[in-house]
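Before any comments, here is the structure.
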Amino acid sequence: MNESNMSTTTGFLIVGFSDIPQLKIPLFFALFSIYLITLMGNFLILIIIYLNSNLHTAMYFFLTQLSFVDIIFTSVIFPQLLVHFFAKDREVSLTECLLQLYFFIALVSAELLLLTVMAYDRYVAICVPLRYTTIMNKAMCMRLAAGSWTVGLLLGVPHPVLMSRFSFCESHIINHIFCDATALLKISCSSTSTIETLNYVDGSLVTMTSFIVIIMSYCKITSSILKIKSKTGKEKAFSTCASHITVVVLFYMSILSTYVRPISTYSIKENKIMSLSYVAVTPLCNPIIYSLKNAEFKKALKKAKSIA
């Protein structure tokens with residue numbers, strides 16, 4: 001479809017990486033490989049945890065929830081992105097665009113909350129170990145997971161609802177890899193002040209609050225670990241937190257650097273590249289980080305290989 005004709009339609013044309021045609025083939029295969037490995041890695045985590053009764057604990061239950069989020073999250077973005085590499089018609093309707101935006105915000109919010117819950121789980125395990133099984137029982141784990149999913153799904157509602165009432169300028173071309181809120185705001189003729197305020201509220205209530213809770217949890221955890229006299233005990237305690245800390249740092253750095261700033265500082269080219277850090281890299285790295293840094297999971301993986 002000719003891009004100049006988009007102003008007469010009710011849809012949007014997503015540019016993706018079509019503005020760098022010389023990298024079309026290598027980018028397609030790179031992103032297709034990342035998507036495939038991400039799905040395989042996260043499904044592997046689900047299967048290994050399901051099959052190994054030793055991993056039926058609170059920590060691994062929350063890890064399965066994180067894997068579910070990453071599977072759905074990448075599947076909301078990648079199929080469309082990959083198809084648009086070769087599709088002549090890259091138009092998406094307003095409804096499709098807002099649905100993608102909804103699931104993106106909802107799943108990112110759910111992941112932030114799950115990472116916070118996982119920090120709390122590590123806090124209880126290390127700081128009050130004698131009460132761990134009592135506090136982090138099955139019912140509590142289900143409530144925390146359900147709460148994370150529910151709040152995430154609710155937080156995804158305001159942005160698409162508000163933006164469904166926006167009017168858009170002559171150009172309906174979204175110069176991004178998916179229907180990102182900041183990219184849509186760039187082509188809107190409506191006032192963006194409400195959405196910008198909502199971004200900061202979300203950033204404060206969800207992103208920053210979750211981050212502060214995680215930092216506080218790990219301050220308590222570090223203090224408790226330093227009190228352990230045995231060197232082996234300290235190393236074991238730190239090793240149970242290493243995977244989670246790595247994932248938290250990777251995820252929060254990519255989200256905060258991209259979204260917690262004014263729309264006026266938004267750079268199209270910069271954000272298209274940076275978006276790959278949380279759309280592609282983080283979901284890809286999560287299963288790798290947990291499988292490489294977690295001794296129990298590596299043991300279960302080796303056992304599964306020997307049986308196979």
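Note on naming: chains are A, B, ... as they come in the structure tokens, residues start from 1 per chain, ligands start from 1 in the order shown.
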
Inset, instruction - Fewer than 2 positions away in the same chain doesn't count, so skip those; otherwise give me all residues within 10 Å of Gln80 of chain A, counting only C-alpha atoms, as a PyMOL selection string. - result: chain A and resi 14+16+75-78+82-85+87+90+92+177-178

With only C-alpha atoms as the counted atoms, please give the residues lying no more than 9 Å from segment 133-136 of chain A, apart from itself and same-chain residues fewer than 2 positions off, as a compact mmCIF listing (two decimals) with C-alpha atoms, in the first residue's frame.
```
# COMPACT_ATOMS: atom_id res chain seq x y z
CA THR A 57 8.06 -24.53 45.31
CA ALA A 58 6.96 -20.89 45.51
CA ASP A 121 9.60 -14.51 48.08
CA VAL A 124 10.92 -14.41 53.21
CA ALA A 125 13.16 -17.36 52.27
CA PRO A 129 13.40 -19.04 56.74
CA LEU A 130 11.65 -20.82 59.62
CA ARG A 131 8.33 -19.28 58.60
CA LYS A 138 0.10 -22.52 48.00
CA ALA A 139 -2.86 -20.24 48.71
CA MET A 140 -0.61 -17.20 49.22
CA CYS A 141 1.31 -17.94 46.00
```

Inset, instruction - Report as number ranges by chain: the residues of segment 61-289 of chain A with a DSSP assignment of helix (DSSP H, G or I), based on the backbone of this structure. - result: A: 61-83, 94-127, 129-135, 138-155, 158-163, 181-186, 193-226, 231-259, 263-265, 268-289

Legend entry - Test item: residues at most 9 Å from segment 17-32 of chain A, only C-alpha atoms, excluding those fewer than 2 positions along its chain, as a ChimeraX atom specification: /A:15,34-37,78-79,81-82,84-86,175-177,272,280

Selection above as a file: N, CA and C atoms, as a PDB file, in the first residue's frame:
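So result-v6.pdb came out as:
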```pdb
ATOM      1  N   VAL A  15       5.824   1.128  10.186  1.00  0.00           N
ATOM      2  CA  VAL A  15       7.050   1.155   9.385  1.00  0.00           C
ATOM      3  C   VAL A  15       7.951  -0.018   9.724  1.00  0.00           C
ATOM      4  N   ILE A  34      15.429 -15.152  17.477  1.00  0.00           N
ATOM      5  CA  ILE A  34      15.209 -14.710  18.855  1.00  0.00           C
ATOM      6  C   ILE A  34      13.828 -15.149  19.336  1.00  0.00           C
ATOM      7  N   TYR A  35      12.818 -14.968  18.497  1.00  0.00           N
ATOM      8  CA  TYR A  35      11.449 -15.355  18.866  1.00  0.00           C
ATOM      9  C   TYR A  35      11.347 -16.858  19.113  1.00  0.00           C
ATOM     10  N   LEU A  36      11.955 -17.631  18.216  1.00  0.00           N
ATOM     11  CA  LEU A  36      11.912 -19.090  18.333  1.00  0.00           C
ATOM     12  C   LEU A  36      12.630 -19.566  19.593  1.00  0.00           C
ATOM     13  N   ILE A  37      13.814 -19.022  19.851  1.00  0.00           N
ATOM     14  CA  ILE A  37      14.587 -19.408  21.043  1.00  0.00           C
ATOM     15  C   ILE A  37      13.867 -18.978  22.317  1.00  0.00           C
ATOM     16  N   PHE A  78       5.922 -10.116  18.082  1.00  0.00           N
ATOM     17  CA  PHE A  78       6.776 -10.697  17.047  1.00  0.00           C
ATOM     18  C   PHE A  78       6.066 -11.164  15.776  1.00  0.00           C
ATOM     19  N   PRO A  79       4.969 -11.916  15.841  1.00  0.00           N
ATOM     20  CA  PRO A  79       4.351 -12.390  14.590  1.00  0.00           C
ATOM     21  C   PRO A  79       4.044 -11.269  13.610  1.00  0.00           C
ATOM     22  N   LEU A  81       5.399  -8.237  13.592  1.00  0.00           N
ATOM     23  CA  LEU A  81       6.658  -7.622  13.186  1.00  0.00           C
ATOM     24  C   LEU A  81       7.324  -8.424  12.078  1.00  0.00           C
ATOM     25  N   LEU A  82       7.337  -9.746  12.214  1.00  0.00           N
ATOM     26  CA  LEU A  82       7.982 -10.611  11.226  1.00  0.00           C
ATOM     27  C   LEU A  82       7.220 -10.616   9.902  1.00  0.00           C
ATOM     28  N   HIS A  84       5.428  -8.222   8.699  1.00  0.00           N
ATOM     29  CA  HIS A  84       5.571  -6.919   8.057  1.00  0.00           C
ATOM     30  C   HIS A  84       6.901  -6.734   7.331  1.00  0.00           C
ATOM     31  N   PHE A  85       7.857  -7.636   7.550  1.00  0.00           N
ATOM     32  CA  PHE A  85       9.113  -7.563   6.808  1.00  0.00           C
ATOM     33  C   PHE A  85       8.882  -7.789   5.325  1.00  0.00           C
ATOM     34  N   PHE A  86       7.892  -8.627   4.985  1.00  0.00           N
ATOM     35  CA  PHE A  86       7.673  -8.999   3.587  1.00  0.00           C
ATOM     36  C   PHE A  86       6.279  -8.643   3.072  1.00  0.00           C
ATOM     37  N   ASN A 175       5.999   5.168  12.913  1.00  0.00           N
ATOM     38  CA  ASN A 175       7.410   4.859  12.688  1.00  0.00           C
ATOM     39  C   ASN A 175       7.981   4.136  13.912  1.00  0.00           C
ATOM     40  N   HIS A 176       7.512   2.913  14.083  1.00  0.00           N
ATOM     41  CA  HIS A 176       7.947   2.080  15.204  1.00  0.00           C
ATOM     42  C   HIS A 176       7.795   0.628  14.777  1.00  0.00           C
ATOM     43  N   ILE A 177       8.166  -0.315  15.677  1.00  0.00           N
ATOM     44  CA  ILE A 177       8.049  -1.730  15.319  1.00  0.00           C
ATOM     45  C   ILE A 177       6.715  -2.334  15.771  1.00  0.00           C
ATOM     46  N   LYS A 272      13.110   2.925  18.522  1.00  0.00           N
ATOM     47  CA  LYS A 272      12.922   1.699  17.752  1.00  0.00           C
ATOM     48  C   LYS A 272      13.997   0.676  18.105  1.00  0.00           C
ATOM     49  N   ALA A 280      12.625  -7.992  22.770  1.00  0.00           N
ATOM     50  CA  ALA A 280      13.344  -9.177  22.308  1.00  0.00           C
ATOM     51  C   ALA A 280      14.373  -9.702  23.304  1.00  0.00           C
TER      52      ALA A 280
END
```

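Reported to one decimal place, the separation of atom CA of Asn137 of chain A from atom CA of Leu63 of chain A is 15.6 Å.
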
Would you kindly return, as a PDB file with C-alpha atoms, in the first residue's frame, each protein, DNA or RNA residue with an atom no farther than 10 Å from any atom of Ile105 of chain A, considering only C-alpha atoms and excluding same-chain residues fewer than 2 positions away?
```
ATOM      1  CA  PHE A  73       4.284 -10.814  25.455  1.00  0.00           C
ATOM      2  CA  GLN A 100      -1.773  -4.596  20.815  1.00  0.00           C
ATOM      3  CA  LEU A 101      -1.111  -1.506  22.953  1.00  0.00           C
ATOM      4  CA  TYR A 102      -3.403  -2.874  25.676  1.00  0.00           C
ATOM      5  CA  PHE A 103      -1.673  -6.253  25.895  1.00  0.00           C
ATOM      6  CA  LEU A 107       1.872  -7.672  30.269  1.00  0.00           C
ATOM      7  CA  VAL A 108       4.711  -5.268  31.084  1.00  0.00           C
ATOM      8  CA  SER A 109       2.812  -4.248  34.240  1.00  0.00           C
ATOM      9  CA  ALA A 110       2.202  -7.895  35.158  1.00  0.00           C
ATOM     10  CA  GLU A 111       5.900  -8.686  34.720  1.00  0.00           C
ATOM     11  CA  GLY A 152      -1.592  -5.773  35.186  1.00  0.00           C
ATOM     12  CA  LEU A 153      -4.671  -6.438  33.049  1.00  0.00           C
ATOM     13  CA  LEU A 154      -6.506  -3.512  34.681  1.00  0.00           C
ATOM     14  CA  LEU A 155      -3.567  -1.118  34.238  1.00  0.00           C
ATOM     15  CA  GLY A 156      -3.605  -1.855  30.514  1.00  0.00           C
ATOM     16  CA  VAL A 157      -7.103  -0.374  30.097  1.00  0.00           C
ATOM     17  CA  PRO A 158      -6.727   3.454  30.455  1.00  0.00           C
ATOM     18  CA  HIS A 159      -4.207   4.099  27.638  1.00  0.00           C
ATOM     19  CA  PRO A 160      -6.118   2.446  24.746  1.00  0.00           C
ATOM     20  CA  ASP A 180       3.663   1.850  20.942  1.00  0.00           C
ATOM     21  CA  ALA A 181       1.938   4.634  22.897  1.00  0.00           C
TER      22      ALA A 181
END
```

Closest atom pairs, segment 134-214 of chain A residues within 12 Å of segment 241-250 of chain A, only C-alpha atoms, as a tab-separated table:
```
residue	atom	partner	partner_atom	distance
A:Thr207	CA	A:Val248	CA	11.4
A:Ser210	CA	A:Val248	CA	10.4
A:Phe211	CA	A:Val248	CA	8.7
A:Ile212	CA	A:Val248	CA	11.8
A:Val213	CA	A:Val248	CA	12.0
A:Ile214	CA	A:Val248	CA	8.7
```

Could you please take those selected residues and save N, CA and C atoms as a JSON list (two decimals), in the first residue's frame?
```
[["chain", "number", "residue", "atom", "x", "y", "z"],
["A", 207, "THR", "N", 5.95, 1.18, 38.30],
["A", 207, "THR", "CA", 7.37, 0.97, 38.03],
["A", 207, "THR", "C", 8.25, 1.35, 39.21],
["A", 210, "SER", "N", 7.35, -0.57, 42.56],
["A", 210, "SER", "CA", 7.87, -1.94, 42.48],
["A", 210, "SER", "C", 9.38, -1.97, 42.65],
["A", 211, "PHE", "N", 10.04, -1.01, 42.00],
["A", 211, "PHE", "CA", 11.50, -0.94, 42.08],
["A", 211, "PHE", "C", 11.95, -0.67, 43.51],
["A", 212, "ILE", "N", 11.27, 0.24, 44.19],
["A", 212, "ILE", "CA", 11.62, 0.57, 45.58],
["A", 212, "ILE", "C", 11.41, -0.64, 46.49],
["A", 213, "VAL", "N", 10.30, -1.36, 46.30],
["A", 213, "VAL", "CA", 10.03, -2.56, 47.10],
["A", 213, "VAL", "C", 11.12, -3.60, 46.89],
["A", 214, "ILE", "N", 11.54, -3.77, 45.64],
["A", 214, "ILE", "CA", 12.60, -4.74, 45.33],
["A", 214, "ILE", "C", 13.92, -4.31, 45.99]]
```

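Among the candidates A:Ser67, A:Ser224, A:Ser33, A:Thr182, the one nearest to Leu46 of chain A when counting only C-alpha atoms is A:Ser67.
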
Please report, as a PDB file with N, CA, C and O atoms, in the first residue's frame, each residue of segment 157-191 of chain A to which DSSP assigns strand (DSSP E or B) when run on this structure's backbone.
```pdb
ATOM      1  N   PHE A 168      -6.219  11.834  14.691  1.00  0.00           N
ATOM      2  CA  PHE A 168      -4.852  11.728  14.195  1.00  0.00           C
ATOM      3  C   PHE A 168      -4.663  12.623  12.981  1.00  0.00           C
ATOM      4  O   PHE A 168      -5.595  12.904  12.227  1.00  0.00           O
ATOM      5  N   ILE A 173       1.165   7.127   9.680  1.00  0.00           N
ATOM      6  CA  ILE A 173       2.319   6.216   9.630  1.00  0.00           C
ATOM      7  C   ILE A 173       2.962   6.126  11.003  1.00  0.00           C
ATOM      8  O   ILE A 173       3.416   7.135  11.558  1.00  0.00           O
ATOM      9  N   ILE A 174       3.006   4.932  11.573  1.00  0.00           N
ATOM     10  CA  ILE A 174       3.636   4.698  12.873  1.00  0.00           C
ATOM     11  C   ILE A 174       5.080   4.265  12.637  1.00  0.00           C
ATOM     12  O   ILE A 174       5.331   3.138  12.194  1.00  0.00           O
ATOM     13  N   SER A 188      -0.642  12.130  16.758  1.00  0.00           N
ATOM     14  CA  SER A 188      -1.972  12.562  17.201  1.00  0.00           C
ATOM     15  C   SER A 188      -2.109  14.082  17.148  1.00  0.00           C
ATOM     16  O   SER A 188      -1.169  14.812  17.462  1.00  0.00           O
TER      17      SER A 188
END
```
